[in-house]
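Peer 1: Please see the structure below; I have some questions.
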Protein chains: 2
Amino acid sequence: MHPPSIGQYLIRQLYDHGVRHVFGVPGDYSLAFIEMLGEGGIRFINTIDEQGAGYAADAYARIGGLGAVCVTYAVGSLKIANTTAQAFAERSPVVVLCGAPGVTERARHPLLHHRVNQYDTQIRVFRELTVAATVLADPDIACWEIDRVLHAAERNKRPVYIELPRDRVHTPGRPGHQHVDSEEPTDAAALAEAVAEAVEMLNGARQPVVIAGEEIKRFDLSEEVTALAEAAGLPVAASFLGKSVVREDLPGFLGVYAGAISLPAVKEYVESADCCLLLGAMLTDMNLGIFTAQLDRSRMISADIDGVSIRHHHYDVRLPAFVAELRRAKIAPRRVAGPGAAAVQPFRAQRRVPVTSQRLFEAVNAFVRDDTVVIADVGDALFGAVELRIPRPGHFMSAAYYSSMGFAVPGAVGVQTFDRNLRPIALVGDGAFQMTGMEVSTAVRYGLSPIVIVLNNAGYATERFFLDGAFNDLQPWDYSRVPEIVGGGLASDVRTEDELFVALRGAEENRSGVTIVNVHLGQGDVSDNLARLGVGLGRRSRGAV
Amino acid sequence: MHPPSIGQYLIRQLYDHGVRHVFGVPGDYSLAFIEMLGEGGIRFINTIDEQGAGYAADAYARIGGLGAVCVTYAVGSLKIANTTAQAFAERSPVVVLCGAPGVTERARHPLLHHRVNQYDTQIRVFRELTVAATVLADPDIACWEIDRVLHAAERNKRPVYIELPRDRVHTPGRPGHQHVDSEEPTDAAALAEAVAEAVEMLNGARQPVVIAGEEIKRFDLSEEVTALAEAAGLPVAASFLGKSVVREDLPGFLGVYAGAISLPAVKEYVESADCCLLLGAMLTDMNLGIFTAQLDRSRMISADIDGVSIRHHHYDVRLPAFVAELRRAKIAPRRVAGPGAAAVQPFRAQRRVPVTSQRLFEAVNAFVRDDTVVIADVGDALFGAVELRIPRPGHFMSAAYYSSMGFAVPGAVGVQTFDRNLRPIALVGDGAFQMTGMEVSTAVRYGLSPIVIVLNNAGYATERFFLDGAFNDLQPWDYSRVPEIVGGGLASDVRTEDELFVALRGAEENRSGVTIVNVHLGQGDVSDNLARLGVGLGRRSRGAV
């Protein structure tokens, strides 16, 4: 029996990791591999630009566990440096597959097209943006390298880079290679000590609180954390980046905690807690509103993928083991004492009343269902979305820390490509839509039905709080005519609350294709959350930090 | 007197290097610097996405001598990794200006938003893609660093990277700093020996030929090379990337030489030459059609920025000095014996005859004027454009070597931003238009009047020659309706030759705004040049190189 070729082995491993779709733009160096994908049961999804493919793969990874993007050498891969950086910063395991000049060609020809500087320029770039990178040049170790790199993606929930020279796609791998998964041992004594100390702190606390972060979803711990909190009667807040990692309709759920961005009641409750259990939440400025947050390390237990920190000391114990053991430990049950999350009010549209940003989010909240996945772009699309009530774990996503614009529309493509029964709502500012919004074309091409809500406030609204000028204005687009260009979809213009309600109901009913809702907002109009945050921002951008 | 601040000094140096416009998308870390640009006489030009800004700055550099793009930390800069790589590969001096977190913030806060991995992750990426990179953190050396880095851009005609922490924009530079330009000495003896040997070879040749490359334009040597060739009676061909670096309406001009892409008469003449003088032309696969070209090193003199190679030995002598000295030397004048370039035929539109790719280029040729600048995207938009007759040096540009898609439309914005009296024609395939074509919005915003010709052949036509499949198809767009979205411009759909002629004449007359001509071509229809090239391509992509 022939061993599988390097290309076949790679495709088989991707498939076994749950990858059924690969996003990308074809190029001469990647064509042979793209052709092979179909034979391995993986569908290639064309986006209009590589940037869209990178974002779609990131969203696919967040909802599905692992995402992949396939691009050509240099001109393709360097277009997704930024989306790969986003995946790195926010712990999303994306496999960057890059078709490259053949090993033989490289030796023979010093200057093949697409080459930047040296042939290894691009892997040097991607080493900075991934947790593992390889060129599958040597058939003897290629399969082993594939195992190593994919394991690194799974282990760290971060992107990896695999470069496949085109003359290696059909080359047989090493005969007899068997995939082996590495297991990481847990230090049982360290784990026991960490858990015991955590339990003691929690039991001794008068007002403990859990803050759940993005890693809870990445490591598939939503149910365990929910069960842990329910059994112990601990109220749970989500970090900014961790929004929706726990069900938001449970009685113990407080809301999102992110310093000044949070609702005052959430902020007050969390900051007055005498024991704060952070689970899988990065301590970044955006995630916990660190510049505005008041969290005291001496009352904190923080567990993430890199270890457990209690007060000012550290245990070399990883998050999943810590959560599992904490569930088994005896935390004295108490009655949940938190204020509970603000109730979702039914949206009563007022006739002919101009829609505001704040009311827009209240209206969207009334349309969130179990199959809804909200993807919020950065800016007010994100700040305003903080109080949306998301019932399903992982059904809200955003670049809440890295804050790169343009994720929402291609992200919606990624989510619904993973599962066509999901219904993505992309919340996107006009600035971000101009960057990648034309990827609705990809949704039309593949018969997807995302709902794209454009917050049309004629500029970069968040930046106006920092420092305003003509550079924050945008060329006005008629977003509701995009379907006429891309050959599909419904669209409407919305200026009043009743128009908004009709448009959202129409969008919900239009399950056969894309819906675009162009919501005209006043230039200075922003959500209450951004208004609250904005007060503290102006000083910073002028260098007075 | 106070010394200028670091921001002011940087802006002053850019201004002195001829920069009057900086392209970009604003972000919180770059706002303070952007605000300062205007005070220094430099206008900030908003593009819809950073990718467009990177391409526009590249085109601005090619036509104007130096280009600049200003972006924010990580989420902005990493979006232009690819356009910076293009500028590197094709020798276009673009200054990447990146607003970044303040030096004080970095020390105080470990995880500010936009951060990828380490704070220096991004300069490490850009060190791979530029010839010089710096972070202006230390006020004592900041001005000196600015001089060093800008000199590297000018000297190498390649991109550079300047990162400006936001708390350094207003910080005074070192008092008394004076800008000093470094001069590179020429080894007079080496120069004399190289020139003497070159003259001897040329004088002894029966059929010598000059091939002029992209560096002739980059180092502003077009007039000198033209005068040299005319005085000596040497026929001149242009390399692929060097198209238009010499006037194409001179009697001695042969056409573009790029192996199989060239017209047979050009290919035959160049390849039968017994002395080939390459001036500033990279020896890449695309540039000289190297896989299909027959050039013999033992009959070659090749001078570029890195030195002069004659047959198989090398002189450490730079291109500008070599060209200047060659002009002064005694090359025996001869009567130009080349075949001359094919005459431009007047375009006679045939009524109701479907337009073909080949005929499209013949029609465009009839509309090329002295103020025309043609920017060709990759694919057939480039291959077909090879025989356009461009009268002005530097009035044709394309990523003919690096071959990155999406350059043409934002490139046209860059060209006309530099000089509003120029009239750009962007030739762009439908695939490339879907990537960056919406940057016509930027042209509308700033009242520019590029002519955008979309070669609409329903897919990635060039790739179909390598390996075809559904992945080479595109979602069909109605390109002629783009003006309705972006709020300006005229557009038309063209299917026949007479419609094409009417559309092009209308475009020429519409000097007040953007014109889009959506040219419907058959799916398999390509220019004669691509058809010739395509025969040899299929084999490669399957790995059989």
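If you're wondering about the labels, chains in the structure tokens are A, B, ... by order shown, residues count from 1 in each chain, ligands from 1 in order shown.
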Report as a list in words all protein, DNA and RNA residues lying within 8 Å of Pro320 (chain A), evaluated on only C-alpha atoms, omitting residues in the same chain fewer than 2 positions from it.
Peer 2: Phe219, Leu221, Ile305, Arg318, Phe322, Val323 and Ala324 of chain A
Peer 1: Neighbouring residues of Ile425 (chain B) were defined as those with any atom within 10 Å, considering only C-alpha atoms; residues of the same chain fewer than 3 positions away were excluded. Please report them as a list in words.
Peer 2: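 Surrounding residues, per the criterion: Val364, Phe367, Val368, Thr372, Val373, Val374, Ile375, Ala376, Phe396, Ala408, Val409, Gly411, Ala412, Leu422, Val428, Ser449, Pro450, Ile451, Val452, Ile453, Ala507, Glu508, Thr515 and Ile516 of chain B.
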Peer 1: Dump N, CA, C and O atoms for the selected residues as a compact mmCIF listing (two decimals), in the first residue's frame?
Peer 2:
# COMPACT_ATOMS: atom_id res chain seq x y z
N VAL B 364 -8.07 50.77 -26.36
CA VAL B 364 -7.47 51.62 -25.32
C VAL B 364 -6.26 52.35 -25.88
O VAL B 364 -6.04 53.53 -25.62
N PHE B 367 -6.66 55.69 -27.21
CA PHE B 367 -7.01 56.77 -26.27
C PHE B 367 -5.86 57.15 -25.34
O PHE B 367 -6.05 57.91 -24.42
N VAL B 368 -4.69 56.60 -25.57
CA VAL B 368 -3.54 56.96 -24.73
C VAL B 368 -2.99 58.31 -25.17
O VAL B 368 -2.65 58.50 -26.34
N THR B 372 -1.94 60.55 -20.05
CA THR B 372 -2.45 59.25 -19.60
C THR B 372 -1.41 58.50 -18.77
O THR B 372 -0.24 58.45 -19.15
N VAL B 373 -1.84 57.95 -17.66
CA VAL B 373 -1.01 56.99 -16.92
C VAL B 373 -1.81 55.70 -16.83
O VAL B 373 -2.92 55.70 -16.28
N VAL B 374 -1.27 54.64 -17.40
CA VAL B 374 -1.97 53.36 -17.35
C VAL B 374 -1.47 52.56 -16.16
O VAL B 374 -0.27 52.39 -15.98
N ILE B 375 -2.40 52.12 -15.30
CA ILE B 375 -2.04 51.23 -14.20
C ILE B 375 -2.75 49.91 -14.47
O ILE B 375 -3.98 49.83 -14.45
N ALA B 376 -1.95 48.88 -14.71
CA ALA B 376 -2.53 47.58 -15.06
C ALA B 376 -2.46 46.65 -13.87
O ALA B 376 -1.41 46.49 -13.25
N PHE B 396 3.37 54.10 -17.29
CA PHE B 396 2.74 52.77 -17.20
C PHE B 396 3.26 52.15 -15.92
O PHE B 396 4.45 52.18 -15.64
N ALA B 408 -4.47 48.20 -9.21
CA ALA B 408 -4.80 49.20 -10.24
C ALA B 408 -5.69 50.33 -9.74
O ALA B 408 -5.36 51.50 -9.93
N VAL B 409 -6.81 50.02 -9.11
CA VAL B 409 -7.74 51.09 -8.73
C VAL B 409 -7.13 52.00 -7.65
O VAL B 409 -7.06 53.22 -7.84
N GLY B 411 -4.06 52.31 -7.04
CA GLY B 411 -2.90 52.91 -7.70
C GLY B 411 -3.29 54.15 -8.50
O GLY B 411 -2.58 55.16 -8.50
N ALA B 412 -4.43 54.07 -9.17
CA ALA B 412 -4.91 55.23 -9.93
C ALA B 412 -5.20 56.40 -9.00
O ALA B 412 -4.93 57.56 -9.32
N LEU B 422 -2.74 64.59 -14.35
CA LEU B 422 -2.57 63.29 -14.99
C LEU B 422 -3.94 62.61 -15.08
O LEU B 422 -4.84 62.88 -14.29
N VAL B 428 -8.28 46.60 -15.04
CA VAL B 428 -8.41 45.70 -13.90
C VAL B 428 -9.33 44.52 -14.22
O VAL B 428 -10.40 44.70 -14.79
N SER B 449 -10.57 61.77 -11.22
CA SER B 449 -11.27 61.32 -12.43
C SER B 449 -10.59 60.16 -13.14
O SER B 449 -10.37 60.21 -14.34
N PRO B 450 -10.25 59.10 -12.41
CA PRO B 450 -9.66 57.95 -13.09
C PRO B 450 -10.68 57.25 -14.00
O PRO B 450 -11.88 57.34 -13.75
N ILE B 451 -10.15 56.60 -15.01
CA ILE B 451 -11.00 55.76 -15.87
C ILE B 451 -10.70 54.31 -15.48
O ILE B 451 -9.56 53.87 -15.57
N VAL B 452 -11.72 53.62 -15.03
CA VAL B 452 -11.54 52.24 -14.57
C VAL B 452 -12.17 51.30 -15.59
O VAL B 452 -13.38 51.35 -15.82
N ILE B 453 -11.33 50.49 -16.22
CA ILE B 453 -11.83 49.56 -17.23
C ILE B 453 -11.79 48.16 -16.65
O ILE B 453 -10.72 47.63 -16.35
N ALA B 507 -15.59 58.47 -21.48
CA ALA B 507 -14.68 58.50 -20.33
C ALA B 507 -13.66 59.61 -20.50
O ALA B 507 -13.37 60.35 -19.56
N GLU B 508 -13.13 59.72 -21.69
CA GLU B 508 -12.12 60.75 -21.93
C GLU B 508 -12.69 62.15 -21.69
O GLU B 508 -12.02 63.02 -21.14
N THR B 515 -14.95 57.35 -14.06
CA THR B 515 -15.71 56.60 -15.07
C THR B 515 -15.38 55.12 -14.93
O THR B 515 -14.20 54.76 -14.83
N ILE B 516 -16.40 54.31 -14.92
CA ILE B 516 -16.20 52.85 -14.89
C ILE B 516 -16.75 52.28 -16.19
O ILE B 516 -17.89 52.55 -16.56
Peer 1: Can you list every residue of chain B that has an atom at most 6 Å from chain A, with its nearest atom pair and the distance in Å to one decimal, using only C-alpha atoms, ordered by chain then number, as JSON lines?
Peer 2:
{"residue": "B:Asp28", "atom": "CA", "partner": "A:Ser541", "partner_atom": "CA", "distance": 5.9}
{"residue": "B:Ala32", "atom": "CA", "partner": "A:Arg542", "partner_atom": "CA", "distance": 5.5}
{"residue": "B:Ile48", "atom": "CA", "partner": "A:Gln434", "partner_atom": "CA", "distance": 5.7}
{"residue": "B:Asp49", "atom": "CA", "partner": "A:Met435", "partner_atom": "CA", "distance": 4.9}
{"residue": "B:Val75", "atom": "CA", "partner": "A:Ser404", "partner_atom": "CA", "distance": 5.1}
{"residue": "B:Leu78", "atom": "CA", "partner": "A:Asn82", "partner_atom": "CA", "distance": 4.7}
{"residue": "B:Lys79", "atom": "CA", "partner": "A:Asn82", "partner_atom": "CA", "distance": 5.3}
{"residue": "B:Ala81", "atom": "CA", "partner": "A:Leu78", "partner_atom": "CA", "distance": 5.6}
{"residue": "B:Asn82", "atom": "CA", "partner": "A:Leu78", "partner_atom": "CA", "distance": 4.7}
{"residue": "B:Ala85", "atom": "CA", "partner": "A:Val116", "partner_atom": "CA", "distance": 5.7}
{"residue": "B:Ala89", "atom": "CA", "partner": "A:Val116", "partner_atom": "CA", "distance": 4.8}
{"residue": "B:Leu111", "atom": "CA", "partner": "A:Thr284", "partner_atom": "CA", "distance": 4.7}
{"residue": "B:Leu112", "atom": "CA", "partner": "A:Asp285", "partner_atom": "CA", "distance": 5.2}
{"residue": "B:His113", "atom": "CA", "partner": "A:Tyr402", "partner_atom": "CA", "distance": 5.4}
{"residue": "B:His114", "atom": "CA", "partner": "A:Tyr402", "partner_atom": "CA", "distance": 4.3}
{"residue": "B:Val116", "atom": "CA", "partner": "A:Ala89", "partner_atom": "CA", "distance": 4.9}
{"residue": "B:Val125", "atom": "CA", "partner": "A:Val125", "partner_atom": "CA", "distance": 5.1}
{"residue": "B:Arg166", "atom": "CA", "partner": "A:Gly543", "partner_atom": "CA", "distance": 5.0}
{"residue": "B:Asp167", "atom": "CA", "partner": "A:Gly543", "partner_atom": "CA", "distance": 4.0}
{"residue": "B:Thr284", "atom": "CA", "partner": "A:Leu111", "partner_atom": "CA", "distance": 4.6}
{"residue": "B:Asp285", "atom": "CA", "partner": "A:Leu112", "partner_atom": "CA", "distance": 5.2}
{"residue": "B:Tyr401", "atom": "CA", "partner": "A:His113", "partner_atom": "CA", "distance": 5.5}
{"residue": "B:Tyr402", "atom": "CA", "partner": "A:His114", "partner_atom": "CA", "distance": 4.3}
{"residue": "B:Ser404", "atom": "CA", "partner": "A:Val75", "partner_atom": "CA", "distance": 5.1}
{"residue": "B:Gln434", "atom": "CA", "partner": "A:Ile48", "partner_atom": "CA", "distance": 5.8}
{"residue": "B:Met435", "atom": "CA", "partner": "A:Asp49", "partner_atom": "CA", "distance": 4.9}
{"residue": "B:Arg445", "atom": "CA", "partner": "A:Gln475", "partner_atom": "CA", "distance": 5.8}
{"residue": "B:Gln475", "atom": "CA", "partner": "A:Arg445", "partner_atom": "CA", "distance": 5.8}
{"residue": "B:Trp477", "atom": "CA", "partner": "A:Val486", "partner_atom": "CA", "distance": 4.7}
{"residue": "B:Asp478", "atom": "CA", "partner": "A:Ile485", "partner_atom": "CA", "distance": 4.6}
{"residue": "B:Ile485", "atom": "CA", "partner": "A:Asp478", "partner_atom": "CA", "distance": 4.6}
{"residue": "B:Val486", "atom": "CA", "partner": "A:Trp477", "partner_atom": "CA", "distance": 4.7}
{"residue": "B:Ser541", "atom": "CA", "partner": "A:Asp28", "partner_atom": "CA", "distance": 5.9}
{"residue": "B:Arg542", "atom": "CA", "partner": "A:Ala32", "partner_atom": "CA", "distance": 5.4}
{"residue": "B:Gly543", "atom": "CA", "partner": "A:Asp167", "partner_atom": "CA", "distance": 4.1}
Peer 1: So which residues touch region 343-358 of chain B within 10 Å, counting only C-alpha atoms, skipping near sequence neighbours fewer than 6 positions away, as a PyMOL selection string?
Peer 2: chain B and resi 249+364-367+380-381+384-385+387-389+455-457+494-502+519-522+524-530
Peer 1: Run DSSP on the backbone and tell me which residues of region 40-172 of chain A come out as strand (DSSP E); list them as a list in words.
Peer 2: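 Across region 40-172 of chain A, those assigned strand (DSSP E) are Arg43, Phe44, Ile45, Asn46, Gly67, Ala68, Val69, Cys70, Val71, Thr72, Val94, Val95, Val96, Leu97, Cys98, Gly99, Ala100, Ala132, Ala133, Thr134, Val135, Val160, Tyr161, Ile162, Glu163, Leu164 and Pro165 of chain A.
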Peer 1: Report, in Å with one decimal, the straight-line distance from CA of Glu145 (chain B) to CA of Ile162 (chain B).
Peer 2: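 Value for the CA of Glu145 (chain B)-CA of Ile162 (chain B) distance: 9.0 Å.
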Peer 1: Any idea what's packed within 8 Å of Leu97 (chain B), counting only C-alpha atoms, ignoring anything in its chain fewer than 5 positions away? Could you give it as a list in words?
Peer 2: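 Residues meeting the cut-off are Ala68, Val69, Cys70, Val71, Tyr161, Ile162, Glu163 and Leu164 of chain B.
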